[in-house]
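Asks: I am attaching a structure below and will ask some questions about it afterwards.
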Amino acid sequence: MNFSANIRTIPVNVTNPVTNDVYVNIYRHYSLDDNGAYIVSYDDRIIATAVTESGYQSQLYLTPDITQLLVEITDLDTNSVILQQALETPINSVDL
């Protein structure tokens with residue numbers, strides 16, 4: 001497996017916005033439907049983790065083909081989306 005020298009590492013910091021446990025997904029590609037709602041594919045998910053405390057911290061490797069990210073926070077109890085935040089280049093960090 002070859003790795004390009006253009007791979008960048010960025011910090012990921014997500015603070016839990018509610019008192020319930022949440023699930024954090026980060027997608028590398030997304031689109032919008034006619035109503036402006038985000039359309040995602042689980043094949044494009046690059047981070048998927050439960051956050052049961054106050055937050056989540058990690059590192060994310062970005063290859064040159066990743067020009068956008070969508071961060072999605074879902075309530076684990078109700079399975080409802082709490083937040084969707086789009087990030088476009090230049091992406092230097094994920095801070096929510």
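How things are named: the first chain in the structure tokens is A, the next is B, and so on; residues count from 1 in each chain; ligands count from 1 in the order shown.
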With only C-alpha atoms as the counted atoms, please give the residues lying no more than 10 Å from Ile66 (chain A), apart from itself and same-chain residues fewer than 5 positions off, as a PDB file with N, CA and C atoms, in the first residue's frame.
Replies:
```pdb
ATOM      1  N   TYR A  27     -18.552  12.143   7.526  1.00  0.00           N
ATOM      2  CA  TYR A  27     -18.595  11.643   6.151  1.00  0.00           C
ATOM      3  C   TYR A  27     -17.657  12.460   5.274  1.00  0.00           C
ATOM      4  N   ARG A  28     -17.021  11.803   4.313  1.00  0.00           N
ATOM      5  CA  ARG A  28     -16.089  12.511   3.432  1.00  0.00           C
ATOM      6  C   ARG A  28     -16.754  13.060   2.180  1.00  0.00           C
ATOM      7  N   HIS A  29     -17.940  12.600   1.881  1.00  0.00           N
ATOM      8  CA  HIS A  29     -18.711  13.122   0.744  1.00  0.00           C
ATOM      9  C   HIS A  29     -20.173  13.213   1.161  1.00  0.00           C
ATOM     10  N   TYR A  61      -7.005  11.636   9.344  1.00  0.00           N
ATOM     11  CA  TYR A  61      -6.088  11.739   8.210  1.00  0.00           C
ATOM     12  C   TYR A  61      -6.877  12.140   6.978  1.00  0.00           C
ATOM     13  N   GLU A  88     -15.838  22.659   4.411  1.00  0.00           N
ATOM     14  CA  GLU A  88     -15.223  22.606   3.086  1.00  0.00           C
ATOM     15  C   GLU A  88     -13.798  23.123   3.165  1.00  0.00           C
ATOM     16  N   THR A  89     -13.010  22.846   2.133  1.00  0.00           N
ATOM     17  CA  THR A  89     -11.599  23.209   2.141  1.00  0.00           C
ATOM     18  C   THR A  89     -11.427  24.717   2.256  1.00  0.00           C
ATOM     19  N   ILE A  91      -9.770  22.542   5.182  1.00  0.00           N
ATOM     20  CA  ILE A  91     -10.198  21.946   6.444  1.00  0.00           C
ATOM     21  C   ILE A  91      -8.951  21.784   7.314  1.00  0.00           C
TER      22      ILE A  91
END
```
Asks: Can you pull out every residue within 10 Å of Ala37 (chain A), counting only C-alpha atoms, but drop anything in the same chain fewer than 5 positions away, and send it as a ChimeraX atom specification?
Replies: /A:31-32,84
Asks: Residues as selected, C-alpha atoms, written as an mmCIF file, in the first residue's frame, can you do that?
Replies:
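Below is the file that was written, part16.cif:
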```
data_model
loop_
_atom_site.group_PDB
_atom_site.id
_atom_site.type_symbol
_atom_site.label_atom_id
_atom_site.label_comp_id
_atom_site.auth_asym_id
_atom_site.auth_seq_id
_atom_site.Cartn_x
_atom_site.Cartn_y
_atom_site.Cartn_z
ATOM 1 C CA SER A 31 -24.840 16.031 -1.394
ATOM 2 C CA LEU A 32 -28.018 18.056 -0.917
ATOM 3 C CA GLN A 84 -25.218 18.374 10.841
#
```
Asks: Could you name the residues that touch Ala50 (chain A) at 7 Å or less, counting only C-alpha atoms, but leaving out those on the same chain fewer than 2 positions away, as a PDB file with N, CA and C atoms, in the first residue's frame?
Replies:
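Below is the file that was written, out_26.pdb:
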```pdb
ATOM      1  N   VAL A  22     -24.574  10.433  22.631  1.00  0.00           N
ATOM      2  CA  VAL A  22     -24.735  10.731  21.208  1.00  0.00           C
ATOM      3  C   VAL A  22     -23.798   9.864  20.382  1.00  0.00           C
ATOM      4  N   TYR A  23     -24.064   9.842  19.095  1.00  0.00           N
ATOM      5  CA  TYR A  23     -23.232   9.142  18.129  1.00  0.00           C
ATOM      6  C   TYR A  23     -22.708  10.176  17.144  1.00  0.00           C
ATOM      7  N   VAL A  24     -21.417  10.142  16.865  1.00  0.00           N
ATOM      8  CA  VAL A  24     -20.803  11.090  15.943  1.00  0.00           C
ATOM      9  C   VAL A  24     -20.392  10.357  14.674  1.00  0.00           C
ATOM     10  N   THR A  52     -20.251   9.009  25.046  1.00  0.00           N
ATOM     11  CA  THR A  52     -21.071   8.810  26.238  1.00  0.00           C
ATOM     12  C   THR A  52     -20.709   9.763  27.362  1.00  0.00           C
TER      13      THR A  52
END
```
Asks: So that I can check the surroundings of region 5-21 of chain A, please list as a ChimeraX atom specification every protein, DNA and RNA residue that reaches within 9 Å of it, counting only C-alpha atoms and ignoring chain neighbours fewer than 2 positions away.
Replies: /A:3,23-24,50-64,73-77,82-83,91-96
Asks: Considering only C-alpha atoms, can you say which of A:Asn25, A:Ser80, A:Thr49, A:Tyr30 comes closest to Gln68 (chain A)?
Replies: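 Residue with the minimum atom-to-atom distance to Gln68 (chain A): A:Tyr30.
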Asks: Just list the residues in chain A DSSP gives strand (DSSP E) on the backbone, as an MDAnalysis selection string.
Replies: chainID A and resid 8:15 22:27 31:32 38:39 45:51 55:62 68:75 81:88 94:95
Asks: One decimal, Å: what's the distance from CA of Gln85 (chain A) over to CA of Tyr42 (chain A), could you say?
Replies: 16.4 Å
Asks: Smallest atom-to-atom distance to Ile26 (chain A): which of A:Thr67, A:Asn79, A:Ala86, A:Ile39, using only C-alpha atoms?
Replies: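 Answer, going by the shortest atom-to-atom distance: A:Ala86.
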Asks: Could you work out how far CA of Pro90 (chain A) lies from CA of Leu69 (chain A), giving the answer in Å with one decimal?
Replies: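 CA of Leu69 (chain A) sits 10.6 Å away from CA of Pro90 (chain A).
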Asks: So the first atom is CA of Arg45 (chain A) and the second is CA of Leu70 (chain A); what is the distance between them in Å, to one decimal place?
Replies: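 Pair CA of Arg45 (chain A) / CA of Leu70 (chain A) returns 9.2 Å.
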